[in-house]
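Structure below is model.cif: mmCIF, C-alpha atoms and all ligand atoms.
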```
data_coords
loop_
_atom_site.label_atom_id
_atom_site.label_comp_id
_atom_site.auth_asym_id
_atom_site.auth_seq_id
_atom_site.Cartn_x
_atom_site.Cartn_y
_atom_site.Cartn_z
CA MET A 1 23.42 -18.69 -15.04
CA GLU A 2 20.31 -19.35 -17.07
CA LYS A 3 17.97 -16.41 -17.49
CA ARG A 4 14.88 -16.48 -15.30
CA PHE A 5 11.66 -14.54 -15.10
CA ILE A 6 11.12 -13.14 -11.61
CA TYR A 7 8.23 -10.90 -10.71
CA ALA A 8 9.47 -8.89 -7.74
CA ASP A 9 6.99 -6.01 -7.91
CA ASN A 10 4.02 -7.27 -5.91
CA ALA A 11 3.65 -3.90 -4.21
CA ALA A 12 2.71 -2.46 -7.62
CA THR A 13 0.19 -5.17 -8.42
CA THR A 14 -0.22 -8.93 -8.23
CA ALA A 15 -1.43 -11.61 -10.61
CA VAL A 16 -5.01 -12.79 -10.14
CA SER A 17 -4.61 -16.20 -8.55
CA GLU A 18 -6.15 -19.31 -10.10
CA GLU A 19 -8.35 -19.77 -7.04
CA VAL A 20 -9.65 -16.22 -7.28
CA LEU A 21 -10.22 -16.50 -11.01
CA SER A 22 -12.19 -19.72 -10.68
CA ALA A 23 -14.36 -18.16 -7.98
CA MET A 24 -15.07 -15.24 -10.33
CA LEU A 25 -15.66 -17.03 -13.64
CA PRO A 26 -19.22 -18.33 -13.08
CA HIS A 27 -20.32 -14.78 -12.37
CA PHE A 28 -19.64 -13.63 -15.93
CA THR A 29 -21.69 -16.05 -17.97
CA LYS A 30 -23.83 -18.20 -15.68
CA SER A 31 -24.55 -16.43 -12.44
CA TYR A 32 -24.79 -13.03 -14.10
CA GLY A 33 -27.90 -11.68 -12.39
CA ASN A 34 -28.28 -8.13 -11.14
CA ALA A 35 -27.95 -8.33 -7.38
CA SER A 36 -30.98 -6.05 -7.06
CA SER A 37 -33.30 -8.32 -9.07
CA ILE A 38 -36.04 -10.28 -7.39
CA TYR A 39 -35.76 -13.64 -9.21
CA LYS A 40 -33.38 -16.37 -8.15
CA LEU A 41 -30.56 -15.40 -10.53
CA GLY A 42 -30.50 -11.97 -8.91
CA ARG A 43 -30.95 -13.25 -5.37
CA ASP A 44 -28.03 -15.64 -5.88
CA ALA A 45 -25.83 -12.78 -7.00
CA GLN A 46 -26.93 -10.79 -3.97
CA ALA A 47 -26.12 -13.72 -1.69
CA ASP A 48 -22.65 -14.05 -3.22
CA VAL A 49 -21.98 -10.34 -2.73
CA GLU A 50 -22.97 -10.67 0.92
CA LYS A 51 -20.79 -13.76 1.36
CA ALA A 52 -17.86 -11.78 0.00
CA ARG A 53 -18.69 -8.94 2.39
CA GLU A 54 -18.58 -11.42 5.28
CA LYS A 55 -15.16 -12.61 4.16
CA VAL A 56 -13.76 -9.09 4.01
CA ALA A 57 -15.28 -8.35 7.41
CA ALA A 58 -13.86 -11.55 8.90
CA ALA A 59 -10.37 -10.70 7.63
CA LEU A 60 -10.51 -7.37 9.49
CA GLY A 61 -12.40 -8.41 12.62
CA ALA A 62 -15.27 -6.18 11.49
CA ASP A 63 -19.00 -6.61 11.07
CA PRO A 64 -20.22 -7.15 7.47
CA LYS A 65 -22.41 -4.04 7.82
CA GLU A 66 -19.22 -2.03 8.23
CA ILE A 67 -17.81 -3.02 4.82
CA PHE A 68 -18.47 -1.03 1.65
CA PHE A 69 -17.21 -2.18 -1.73
CA THR A 70 -15.53 0.46 -3.88
CA SER A 71 -13.71 0.46 -7.20
CA CYS A 72 -10.19 0.66 -5.77
CA GLY A 73 -7.94 1.63 -2.89
CA SER A 74 -7.75 5.20 -4.16
CA GLU A 75 -11.53 5.50 -4.11
CA SER A 76 -11.66 4.17 -0.55
CA ASP A 77 -9.05 6.73 0.54
CA ASN A 78 -10.93 9.54 -1.21
CA TRP A 79 -14.26 8.57 0.31
CA ALA A 80 -12.92 8.21 3.84
CA ILE A 81 -11.02 11.50 3.82
CA LYS A 82 -13.39 13.75 1.86
CA GLY A 83 -16.35 12.13 3.58
CA ALA A 84 -14.98 12.72 7.06
CA ALA A 85 -13.98 16.25 6.07
CA GLU A 86 -17.48 17.08 4.84
CA MET A 87 -19.10 15.47 7.86
CA MET A 88 -16.91 17.13 10.47
CA SER A 89 -16.79 20.56 8.83
CA LYS A 90 -20.45 20.88 9.81
CA LYS A 91 -19.19 20.82 13.40
CA GLY A 92 -16.61 23.48 12.58
CA LYS A 93 -13.76 20.97 12.31
CA LYS A 94 -11.66 21.79 9.30
CA HIS A 95 -8.23 20.40 10.12
CA ILE A 96 -6.70 17.09 9.01
CA VAL A 97 -3.60 15.30 10.24
CA THR A 98 -1.68 12.98 7.93
CA SER A 99 1.95 12.08 7.29
CA VAL A 100 4.43 13.39 4.76
CA PHE A 101 4.91 10.01 3.10
CA GLU A 102 1.38 8.81 2.40
CA HIS A 103 0.33 7.34 -0.93
CA HIS A 104 -0.76 10.00 -3.41
CA ALA A 105 -4.37 8.83 -3.07
CA VAL A 106 -4.19 10.33 0.43
CA LEU A 107 -1.75 13.21 -0.15
CA HIS A 108 -3.48 14.59 -3.21
CA THR A 109 -6.87 14.29 -1.53
CA CYS A 110 -5.53 16.31 1.39
CA GLU A 111 -4.07 18.88 -1.01
CA TYR A 112 -7.47 19.15 -2.68
CA LEU A 113 -9.07 19.81 0.69
CA GLU A 114 -6.45 22.47 1.44
CA LYS A 115 -7.71 24.32 -1.62
CA HIS A 116 -11.22 24.09 -0.21
CA GLY A 117 -10.80 25.68 3.17
CA PHE A 118 -9.21 22.86 5.17
CA GLU A 119 -5.88 22.95 6.92
CA VAL A 120 -3.63 19.92 6.86
CA THR A 121 -0.73 19.06 9.17
CA TYR A 122 1.81 16.68 7.67
CA VAL A 123 3.47 14.72 10.48
CA PRO A 124 7.14 13.92 9.74
CA VAL A 125 8.67 10.46 9.68
CA ASP A 126 12.06 9.65 11.16
CA GLU A 127 15.08 8.49 9.15
CA LYS A 128 13.88 4.89 9.43
CA GLY A 129 10.48 5.77 7.99
CA LEU A 130 8.54 5.50 11.24
CA ILE A 131 5.94 7.84 12.70
CA ASP A 132 6.07 8.76 16.38
CA PRO A 133 2.54 8.67 17.85
CA GLU A 134 3.56 11.61 20.05
CA ASN A 135 3.98 13.71 16.91
CA VAL A 136 0.44 12.78 15.95
CA ARG A 137 -0.73 13.86 19.40
CA LYS A 138 1.04 17.21 19.04
CA ALA A 139 -0.51 17.76 15.62
CA ILE A 140 -4.09 17.22 16.77
CA ARG A 141 -6.04 20.43 17.47
CA GLU A 142 -9.47 21.33 18.80
CA ASP A 143 -10.73 21.53 15.22
CA THR A 144 -9.14 18.32 13.91
CA ALA A 145 -11.65 16.34 11.86
CA LEU A 146 -9.57 13.30 10.97
CA VAL A 147 -6.20 11.64 11.35
CA THR A 148 -5.18 9.53 8.35
CA ILE A 149 -1.93 7.56 8.59
CA MET A 150 -0.98 4.64 6.37
CA TYR A 151 -0.55 1.20 7.89
CA ALA A 152 2.48 0.15 5.84
CA ASN A 153 4.38 2.26 3.36
CA ASN A 154 4.24 1.14 -0.26
CA GLU A 155 7.82 2.11 -1.08
CA ILE A 156 9.93 1.37 1.96
CA GLY A 157 7.58 -1.11 3.61
CA THR A 158 7.70 0.35 7.10
CA ILE A 159 4.85 -0.68 9.39
CA GLN A 160 3.53 2.09 11.61
CA PRO A 161 2.49 1.78 15.28
CA ILE A 162 -1.16 1.85 14.25
CA GLU A 163 -2.64 0.78 17.57
CA GLU A 164 -0.75 3.52 19.45
CA ILE A 165 -1.73 6.14 16.90
CA ALA A 166 -5.37 5.06 17.11
CA LYS A 167 -5.17 5.31 20.89
CA VAL A 168 -3.94 8.90 20.69
CA CYS A 169 -6.79 9.73 18.31
CA HIS A 170 -9.37 8.24 20.63
CA GLU A 171 -8.00 10.04 23.65
CA LYS A 172 -8.39 13.23 21.62
CA LYS A 173 -11.78 12.10 20.27
CA VAL A 174 -10.67 12.35 16.65
CA LEU A 175 -11.57 9.91 13.86
CA PHE A 176 -8.77 7.66 12.66
CA HIS A 177 -8.45 6.32 9.11
CA THR A 178 -5.66 4.12 7.80
CA ASP A 179 -4.68 3.22 4.24
CA ALA A 180 -3.95 -0.48 4.74
CA VAL A 181 -3.63 -1.37 1.05
CA GLN A 182 -0.07 -2.68 1.50
CA ALA A 183 -0.64 -4.23 4.90
CA ILE A 184 -3.59 -6.52 4.17
CA GLY A 185 -2.52 -10.13 3.96
CA HIS A 186 0.94 -9.37 5.32
CA VAL A 187 0.25 -8.25 8.89
CA GLU A 188 -2.49 -9.28 11.30
CA ILE A 189 -5.22 -6.67 11.41
CA ASP A 190 -8.08 -6.43 13.88
CA VAL A 191 -9.87 -3.12 13.52
CA LYS A 192 -11.72 -3.46 16.83
CA LYS A 193 -8.71 -4.39 18.89
CA GLN A 194 -6.56 -1.78 17.19
CA GLY A 195 -9.17 0.96 17.41
CA ILE A 196 -9.29 1.72 13.68
CA ASP A 197 -12.33 3.79 12.64
CA MET A 198 -11.90 3.54 8.88
CA LEU A 199 -9.63 1.38 6.74
CA SER A 200 -8.96 1.28 2.99
CA LEU A 201 -7.95 -1.82 1.07
CA SER A 202 -7.52 -2.82 -2.56
CA GLY A 203 -8.00 -6.10 -4.41
CA HIS A 204 -5.17 -6.03 -6.91
CA LYS A 205 -2.45 -5.99 -4.26
CA ILE A 206 -3.71 -9.32 -2.88
CA HIS A 207 -4.29 -11.37 -6.05
CA ALA A 208 -7.77 -10.14 -6.87
CA GLN A 209 -8.34 -8.10 -10.01
CA LYS A 210 -7.61 -4.42 -10.54
CA GLY A 211 -10.59 -2.14 -10.01
CA ILE A 212 -12.04 -3.47 -6.78
CA GLY A 213 -11.52 -2.21 -3.25
CA ALA A 214 -13.30 -1.82 0.03
CA LEU A 215 -13.68 0.67 2.84
CA TYR A 216 -14.31 -0.36 6.42
CA VAL A 217 -16.34 2.25 8.29
CA ARG A 218 -16.95 1.65 11.98
CA LYS A 219 -20.57 1.43 12.98
CA GLY A 220 -21.79 4.81 14.20
CA ILE A 221 -19.81 6.81 11.63
CA VAL A 222 -22.20 8.04 8.94
CA LEU A 223 -20.16 9.06 5.92
CA PRO A 224 -21.87 11.12 3.21
CA ASN A 225 -22.94 9.14 0.15
CA LEU A 226 -20.19 8.73 -2.43
CA ILE A 227 -22.27 8.01 -5.53
CA HIS A 228 -25.93 9.06 -5.68
CA GLY A 229 -28.32 6.73 -7.43
CA GLY A 230 -29.66 3.30 -6.56
CA GLY A 231 -29.68 1.60 -3.22
CA GLN A 232 -26.48 -0.42 -3.59
CA GLU A 233 -23.99 -0.50 -0.70
CA ARG A 234 -26.80 0.54 1.62
CA GLY A 235 -27.52 3.58 -0.51
CA LYS A 236 -24.05 5.04 0.00
CA ARG A 237 -22.38 4.07 -3.23
CA ALA A 238 -24.80 3.56 -6.07
CA GLY A 239 -24.07 1.54 -9.19
CA THR A 240 -24.87 -2.07 -10.06
CA GLU A 241 -22.48 -4.26 -8.09
CA ASN A 242 -19.43 -5.63 -9.88
CA VAL A 243 -20.28 -9.13 -8.70
CA PRO A 244 -17.32 -11.02 -10.23
CA ALA A 245 -14.83 -8.53 -8.79
CA ILE A 246 -16.52 -8.50 -5.39
CA VAL A 247 -16.58 -12.29 -5.23
CA GLY A 248 -12.92 -12.32 -6.28
CA LEU A 249 -11.99 -9.86 -3.55
CA GLY A 250 -13.79 -11.98 -0.97
CA ARG A 251 -11.90 -15.09 -2.03
CA ALA A 252 -8.58 -13.23 -2.30
CA ILE A 253 -8.75 -11.70 1.16
CA GLU A 254 -9.76 -15.03 2.67
CA ILE A 255 -6.67 -16.66 1.14
CA ALA A 256 -4.36 -13.72 1.89
CA CYS A 257 -5.24 -13.57 5.57
CA ARG A 258 -5.35 -17.24 6.48
CA ASN A 259 -1.61 -17.93 6.99
CA ILE A 260 0.11 -14.60 7.44
CA ALA A 261 2.71 -15.88 9.91
CA GLU A 262 3.64 -18.89 7.77
CA LYS A 263 4.10 -16.72 4.70
CA ALA A 264 6.26 -14.27 6.63
CA ALA A 265 8.40 -17.14 7.90
CA ILE A 266 9.13 -18.14 4.30
CA VAL A 267 9.57 -14.69 2.82
CA THR A 268 11.53 -12.86 5.55
CA PRO A 269 14.75 -14.93 5.39
CA ARG A 270 14.79 -14.72 1.59
CA ARG A 271 14.20 -10.98 1.76
CA ASN A 272 16.99 -10.64 4.30
CA ARG A 273 19.36 -12.60 2.11
CA LEU A 274 18.59 -10.18 -0.72
CA ILE A 275 19.19 -7.19 1.57
CA ASP A 276 22.49 -8.52 2.88
CA GLY A 277 23.61 -9.52 -0.60
CA ILE A 278 22.86 -6.17 -2.19
CA LEU A 279 24.30 -4.21 0.74
CA LYS A 280 27.66 -5.86 0.07
CA LEU A 281 27.97 -3.45 -2.83
CA PRO A 282 29.79 -0.27 -1.79
CA TYR A 283 27.78 2.94 -1.39
CA THR A 284 24.44 1.32 -0.75
CA ARG A 285 21.95 1.78 2.09
CA LEU A 286 18.77 0.10 3.20
CA ASN A 287 15.80 2.45 3.31
CA GLY A 288 13.28 1.94 6.08
CA ASP A 289 13.51 0.09 9.36
CA ARG A 290 15.10 -3.33 9.10
CA ASP A 291 12.57 -5.10 11.35
CA LYS A 292 9.41 -3.00 11.35
CA ARG A 293 8.80 -3.60 7.68
CA LEU A 294 6.63 -5.76 5.43
CA PRO A 295 8.15 -9.24 5.10
CA GLY A 296 8.47 -9.01 1.32
CA ASN A 297 9.71 -5.43 0.98
CA LEU A 298 13.23 -4.25 0.44
CA ASN A 299 14.27 -0.81 -0.69
CA ILE A 300 17.93 -0.01 -1.22
CA SER A 301 19.63 3.10 -2.52
CA ILE A 302 22.56 2.43 -4.80
CA GLU A 303 24.65 5.54 -5.29
CA GLY A 304 26.07 6.55 -8.63
CA ILE A 305 23.31 5.04 -10.76
CA GLU A 306 19.90 6.04 -12.07
CA GLY A 307 17.01 3.93 -10.82
CA GLU A 308 15.35 3.89 -14.25
CA SER A 309 18.47 2.55 -15.97
CA LEU A 310 18.76 -0.13 -13.33
CA LEU A 311 15.14 -1.18 -13.86
CA LEU A 312 15.64 -1.45 -17.62
CA MET A 313 18.75 -3.59 -17.16
CA LEU A 314 16.96 -5.79 -14.66
CA ASP A 315 14.09 -6.15 -17.10
CA LEU A 316 16.54 -7.35 -19.77
CA ASN A 317 17.54 -9.99 -17.26
CA GLY A 318 13.93 -11.02 -16.61
CA ILE A 319 13.53 -9.27 -13.27
CA CYS A 320 10.53 -6.97 -12.70
CA ALA A 321 11.32 -4.42 -10.01
CA SER A 322 10.55 -0.84 -9.14
CA SER A 323 12.25 2.36 -8.16
CA GLY A 324 10.15 4.80 -6.23
CA SER A 325 6.45 4.25 -6.85
CA ALA A 326 4.90 3.12 -10.09
CA CYS A 327 2.45 6.02 -9.98
CA THR A 328 5.23 8.56 -10.34
CA SER A 329 7.43 6.75 -12.82
CA GLY A 330 7.56 8.92 -15.88
CA SER A 331 8.17 11.92 -13.66
CA LEU A 332 11.76 12.72 -12.87
CA ASP A 333 11.05 13.99 -9.37
CA PRO A 334 12.58 11.68 -6.81
CA SER A 335 10.14 9.83 -4.62
CA HIS A 336 8.57 11.95 -1.86
CA VAL A 337 8.87 8.93 0.42
CA LEU A 338 12.64 8.68 0.03
CA LEU A 339 13.06 12.44 0.45
CA SER A 340 10.91 12.29 3.60
CA ILE A 341 13.40 9.96 5.31
CA GLY A 342 16.18 12.41 4.57
CA LEU A 343 17.76 11.04 1.40
CA LYS A 344 19.48 13.51 -0.89
CA HIS A 345 17.98 13.83 -4.38
CA GLU A 346 20.80 12.00 -6.13
CA VAL A 347 20.70 9.12 -3.65
CA ALA A 348 16.91 8.85 -3.90
CA HIS A 349 17.24 8.63 -7.69
CA GLY A 350 19.24 5.43 -7.49
CA SER A 351 16.82 3.37 -5.47
CA LEU A 352 15.56 -0.13 -5.99
CA ARG A 353 12.40 -1.65 -4.53
CA LEU A 354 11.82 -5.37 -4.65
CA SER A 355 8.53 -6.67 -3.32
CA ILE A 356 8.54 -10.45 -3.17
CA GLU A 357 6.13 -13.12 -2.00
CA GLU A 358 6.39 -16.71 -0.85
CA ASP A 359 6.59 -18.03 -4.41
CA ILE A 360 10.14 -16.71 -4.72
CA THR A 361 12.65 -19.57 -4.54
CA ASP A 362 16.18 -19.71 -3.13
CA GLU A 363 17.37 -20.09 -6.72
CA ASP A 364 15.52 -16.89 -7.65
CA VAL A 365 17.32 -15.11 -4.82
CA ASP A 366 20.67 -16.49 -6.04
CA TYR A 367 19.86 -15.29 -9.55
CA ILE A 368 18.92 -11.77 -8.40
CA LEU A 369 22.08 -11.58 -6.32
CA GLU A 370 24.13 -12.57 -9.33
CA VAL A 371 22.48 -10.13 -11.73
CA ILE A 372 22.36 -6.99 -9.58
CA PRO A 373 26.09 -6.58 -8.85
CA LYS A 374 26.92 -7.09 -12.53
CA VAL A 375 24.34 -4.58 -13.66
CA VAL A 376 25.31 -2.04 -11.01
CA GLU A 377 28.96 -2.35 -11.94
CA ARG A 378 28.20 -1.72 -15.62
CA LEU A 379 25.98 1.25 -14.86
CA ARG A 380 28.53 2.77 -12.53
CA GLU A 381 31.25 2.37 -15.18
CA MET A 382 29.12 4.50 -17.51
CA SER A 383 28.02 6.99 -14.88
CA PRO A 384 29.55 10.49 -14.76
CA VAL A 385 28.12 10.82 -11.23
CA TRP A 386 29.98 7.73 -10.07
CA GLU A 387 33.19 8.96 -11.70
CA LYS A 388 32.90 12.23 -9.80
CA MET A 389 32.23 10.38 -6.55
CA MET A 390 35.30 8.22 -7.07
CA ASN A 391 37.39 11.31 -7.75
CA GLY A 392 36.19 12.80 -4.51
CA GLU A 393 34.35 15.60 -6.28
CA GLU A 394 31.12 16.98 -4.95
CA VAL A 395 27.99 15.46 -6.48
CA LYS A 396 24.87 17.55 -6.81
C1 LIG A 401 -1.80 0.65 -4.48
C2 LIG A 401 -2.04 1.55 -3.35
C3 LIG A 401 -3.16 2.40 -3.31
C4 LIG A 401 -4.10 2.53 -4.47
O1 LIG A 401 -4.87 1.39 -4.68
P1 LIG A 401 -5.61 1.27 -6.10
O2 LIG A 401 -6.52 0.11 -5.94
O3 LIG A 401 -4.52 1.02 -7.09
O4 LIG A 401 -6.32 2.55 -6.32
C5 LIG A 401 -3.36 3.19 -2.21
N1 LIG A 401 -2.51 3.14 -1.17
C6 LIG A 401 -1.44 2.35 -1.15
C7 LIG A 401 -0.56 2.33 0.05
C8 LIG A 401 -1.16 1.53 -2.24
O5 LIG A 401 -0.08 0.75 -2.23
#
```
Translate this structure into structure tokens?
Amino acid sequence: MEKRFIYADNAATTAVSEEVLSAMLPHFTKSYGNASSIYKLGRDAQADVEKAREKVAAALGADPKEIFFTSCGSESDNWAIKGAAEMMSKKGKKHIVTSVFEHHAVLHTCEYLEKHGFEVTYVPVDEKGLIDPENVRKAIREDTALVTIMYANNEIGTIQPIEEIAKVCHEKKVLFHTDAVQAIGHVEIDVKKQGIDMLSLSGHKIHAQKGIGALYVRKGIVLPNLIHGGGQERGKRAGTENVPAIVGLGRAIEIACRNIAEKAAIVTPRRNRLIDGILKLPYTRLNGDRDKRLPGNLNISIEGIEGESLLLMLDLNGICASSGSACTSGSLDPSHVLLSIGLKHEVAHGSLRLSIEEDITDEDVDYILEVIPKVVERLREMSPVWEKMMNGEEVK
């Protein structure tokens, strides 16, 4: 079969779409005013920033006043968590509830707070990668400042029962934040209906550029200022607005959220064909719940191989994929997400994540399903681990 180029790593980042780029371009050279300036060039920029804010708000069912632009998803997570911690510690609340398999932007922020006098409870996930809202309830204490649980996991794609978790938090009168970076544009979100107090999102996962994000903060929650300086973002996050990026995010979220169901109807069967095809290989397992997962995500452990070797071989065949999360590649520790669902180290090491979108064709799927078995067979032939497994020896 002829070699193809297939980008199947949209959970790591996405291309800026042509529509987003063309919305951004005038803001570099023509409509370049400072949004704080009084003349028309500045007022126009200000108006475009506010239009983008309305689009982000509309995508979430929020009010534009509840949307703050940030530089990325990680910044949004940091602001929400450290901000809530600072705010609530004044009321003597110094405990945070999160899950064991959050993105590092959340986990490392919680670890930082642990070093600064906070206690953190890490709620477990089951073997399918799902969180039981009852475990969140049990973790909440009198002094809990915040619950932060991700909407959809970036590695195994599982979608959490966010509305139920939010309900528990509200019954207990605790703030609820969710990292929805992977969920935006793939599942329907309505922060009011779902009872979400704060929500983080990022542009580059939905075809806007890298380096732009947003944080939704429900009206009535007054987070401490993130960056001190000018009056931008209602005085909470100073710094001259990145107008092109903000406009791009507005356009990207509008496009991403307008036909979620139609996109899922295209992607899910192709994703399932990939899952079923790869699972035909012996000693493989699907990670994460089969149904409660992002339409474009699949994560499969393939025993007897190293994930990194697999990725290099796939790259030689024109397929961009991932194993564990991009943030930790370069480290040899297996993914904390895969360990959290009970995988043994050596199984977690041989994992493959494909994150596809509706541009993937049936022919692309055929191609992937032709390449992977060949590559896996070659790698297993060379693998001492596989040889041991086949000889019935114990593998450590
Ligand atoms: C990508 C990602 C982030 C970080 O977003 P950046 O904009 O890259 O900082 C945070 N959380 C999740 C779940 C992600 O997938």
Please list as a list in words every residue within 6 Å of segment 174-179 of chain A, counting all atoms listed in the file and excluding residues in the same chain fewer than 6 positions away.
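The filter keeps Leu146, Val147, Thr148, Ile149, Met150, Tyr151, Asp197, Met198, Leu199 and Ser200 of chain A.
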What does the list of residues within 6 Å of ligand LIG 401 (chain A) look like if you count all atoms listed in the file, written as a PyMOL selection string?
chain A and resi 72-74+103+105+153-154+179+181-182+202
Using all atoms listed in the file, which residue out of A:Glu19, A:Glu164, A:Glu241, A:Glu346 lies closest to Glu394 of chain A?
A:Glu346
Tell me which protein, DNA and RNA residues are within 9 Å of His336 of chain A, counting all atoms listed in the file, leaving out same-chain ones fewer than 4 positions away, and put them as a list of chain:residue names.
A:Val100, A:Phe101, A:Glu102, A:Gly324, A:Ser340, A:Ile341
Written file, previous selection with C-alpha atoms, as an mmCIF file, in the frame of the given file:
```cif
data_model
loop_
_atom_site.group_PDB
_atom_site.id
_atom_site.type_symbol
_atom_site.label_atom_id
_atom_site.label_comp_id
_atom_site.auth_asym_id
_atom_site.auth_seq_id
_atom_site.Cartn_x
_atom_site.Cartn_y
_atom_site.Cartn_z
ATOM 1 C CA VAL A 100 4.430 13.390 4.760
ATOM 2 C CA PHE A 101 4.910 10.010 3.100
ATOM 3 C CA GLU A 102 1.380 8.810 2.400
ATOM 4 C CA GLY A 324 10.150 4.800 -6.230
ATOM 5 C CA SER A 340 10.910 12.290 3.600
ATOM 6 C CA ILE A 341 13.400 9.960 5.310
#
```
I need the residue nearest Ala208 of chain A from this list: A:Val49, A:Ile159, A:Met88, A:Ala15. Use all atoms listed in the file for the distance.
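Comparing A:Val49, A:Ile159, A:Met88, A:Ala15 against Ala208 of chain A, the winner is A:Ala15.
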Point-to-point distance in Å for atom CA of Leu215 of chain A and atom CA of Thr70 of chain A:
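Value for the atom CA of Thr70 of chain A-atom CA of Leu215 of chain A distance: 7.0 Å.
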All residues 12 Å or closer to Ala214 of chain A, all atoms listed in the file, same chain fewer than 5 positions away omitted, as JSON, numbers by chain:
{"A": [52, 53, 55, 56, 57, 60, 64, 66, 67, 68, 69, 70, 71, 72, 73, 74, 75, 76, 77, 78, 79, 80, 179, 180, 181, 184, 198, 199, 200, 201, 202, 203, 204, 233, 237, 245, 246, 249, 250, 253]}
Next, write the just-selected residues to a file, as a PDB file, in the coordinates of the input, keeping C-alpha atoms as the atom set.
```pdb
ATOM      1  CA  ALA A  52     -17.860 -11.780   0.000  1.00  0.00           C
ATOM      2  CA  ARG A  53     -18.690  -8.940   2.390  1.00  0.00           C
ATOM      3  CA  LYS A  55     -15.160 -12.610   4.160  1.00  0.00           C
ATOM      4  CA  VAL A  56     -13.760  -9.090   4.010  1.00  0.00           C
ATOM      5  CA  ALA A  57     -15.280  -8.350   7.410  1.00  0.00           C
ATOM      6  CA  LEU A  60     -10.510  -7.370   9.490  1.00  0.00           C
ATOM      7  CA  PRO A  64     -20.220  -7.150   7.470  1.00  0.00           C
ATOM      8  CA  GLU A  66     -19.220  -2.030   8.230  1.00  0.00           C
ATOM      9  CA  ILE A  67     -17.810  -3.020   4.820  1.00  0.00           C
ATOM     10  CA  PHE A  68     -18.470  -1.030   1.650  1.00  0.00           C
ATOM     11  CA  PHE A  69     -17.210  -2.180  -1.730  1.00  0.00           C
ATOM     12  CA  THR A  70     -15.530   0.460  -3.880  1.00  0.00           C
ATOM     13  CA  SER A  71     -13.710   0.460  -7.200  1.00  0.00           C
ATOM     14  CA  CYS A  72     -10.190   0.660  -5.770  1.00  0.00           C
ATOM     15  CA  GLY A  73      -7.940   1.630  -2.890  1.00  0.00           C
ATOM     16  CA  SER A  74      -7.750   5.200  -4.160  1.00  0.00           C
ATOM     17  CA  GLU A  75     -11.530   5.500  -4.110  1.00  0.00           C
ATOM     18  CA  SER A  76     -11.660   4.170  -0.550  1.00  0.00           C
ATOM     19  CA  ASP A  77      -9.050   6.730   0.540  1.00  0.00           C
ATOM     20  CA  ASN A  78     -10.930   9.540  -1.210  1.00  0.00           C
ATOM     21  CA  TRP A  79     -14.260   8.570   0.310  1.00  0.00           C
ATOM     22  CA  ALA A  80     -12.920   8.210   3.840  1.00  0.00           C
ATOM     23  CA  ASP A 179      -4.680   3.220   4.240  1.00  0.00           C
ATOM     24  CA  ALA A 180      -3.950  -0.480   4.740  1.00  0.00           C
ATOM     25  CA  VAL A 181      -3.630  -1.370   1.050  1.00  0.00           C
ATOM     26  CA  ILE A 184      -3.590  -6.520   4.170  1.00  0.00           C
ATOM     27  CA  MET A 198     -11.900   3.540   8.880  1.00  0.00           C
ATOM     28  CA  LEU A 199      -9.630   1.380   6.740  1.00  0.00           C
ATOM     29  CA  SER A 200      -8.960   1.280   2.990  1.00  0.00           C
ATOM     30  CA  LEU A 201      -7.950  -1.820   1.070  1.00  0.00           C
ATOM     31  CA  SER A 202      -7.520  -2.820  -2.560  1.00  0.00           C
ATOM     32  CA  GLY A 203      -8.000  -6.100  -4.410  1.00  0.00           C
ATOM     33  CA  HIS A 204      -5.170  -6.030  -6.910  1.00  0.00           C
ATOM     34  CA  GLU A 233     -23.990  -0.500  -0.700  1.00  0.00           C
ATOM     35  CA  ARG A 237     -22.380   4.070  -3.230  1.00  0.00           C
ATOM     36  CA  ALA A 245     -14.830  -8.530  -8.790  1.00  0.00           C
ATOM     37  CA  ILE A 246     -16.520  -8.500  -5.390  1.00  0.00           C
ATOM     38  CA  LEU A 249     -11.990  -9.860  -3.550  1.00  0.00           C
ATOM     39  CA  GLY A 250     -13.790 -11.980  -0.970  1.00  0.00           C
ATOM     40  CA  ILE A 253      -8.750 -11.700   1.160  1.00  0.00           C
TER      41      ILE A 253
END
```
For a quick check of understanding, using only C-alpha atoms, which of A:Ile266, A:Val123, A:Leu298, A:Val375 has the smallest distance to Asp315 of chain A?
A:Val375
Between A:Leu286, A:Val395, A:Ile162, A:Ala58, which residue has the minimum interatomic distance to Leu338 of chain A, considering all atoms listed in the file?
A:Leu286
Please, what distance in Å, to one decimal, runs between atom CA of Gly42 of chain A and atom CA of Lys219 of chain A?
27.5 Å
Using all atoms listed in the file, which residues sit within 10 Å of Ile372 of chain A once same-chain residues fewer than 5 positions away are excluded, as a PyMOL selection string?
chain A and resi 277-278+281+310+313-314+317+319+367+377-378
From the list A:Val371, A:Ile300, A:Gly288, A:Asn259, which residue is nearest Ile275 of chain A when using all atoms listed in the file?
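Among the listed residues, the smallest separation from Ile275 of chain A belongs to A:Ile300.
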Quick one: pull the distance between atom CA of Arg271 of chain A and atom CA of Val187 of chain A, Å, one decimal.
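Atom CA of Val187 of chain A lies 15.9 Å from atom CA of Arg271 of chain A.
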All residues 7 Å or closer to Ala45 of chain A, all atoms listed in the file, same chain fewer than 6 positions away omitted, as a compact mmCIF listing (two decimals) with C-alpha atoms, keeping the file's coordinate frame:
```txt
# COMPACT_ATOMS: atom_id res chain seq x y z
CA SER A 31 -24.55 -16.43 -12.44
CA GLY A 33 -27.90 -11.68 -12.39
CA ASN A 34 -28.28 -8.13 -11.14
CA ALA A 35 -27.95 -8.33 -7.38
CA VAL A 243 -20.28 -9.13 -8.70
```
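Shortest separation to Ile260 of chain A among A:Gly248, A:Pro124, A:Gly92, A:Gly185 occurs at residue A:Gly185, atoms counted being only C-alpha atoms.
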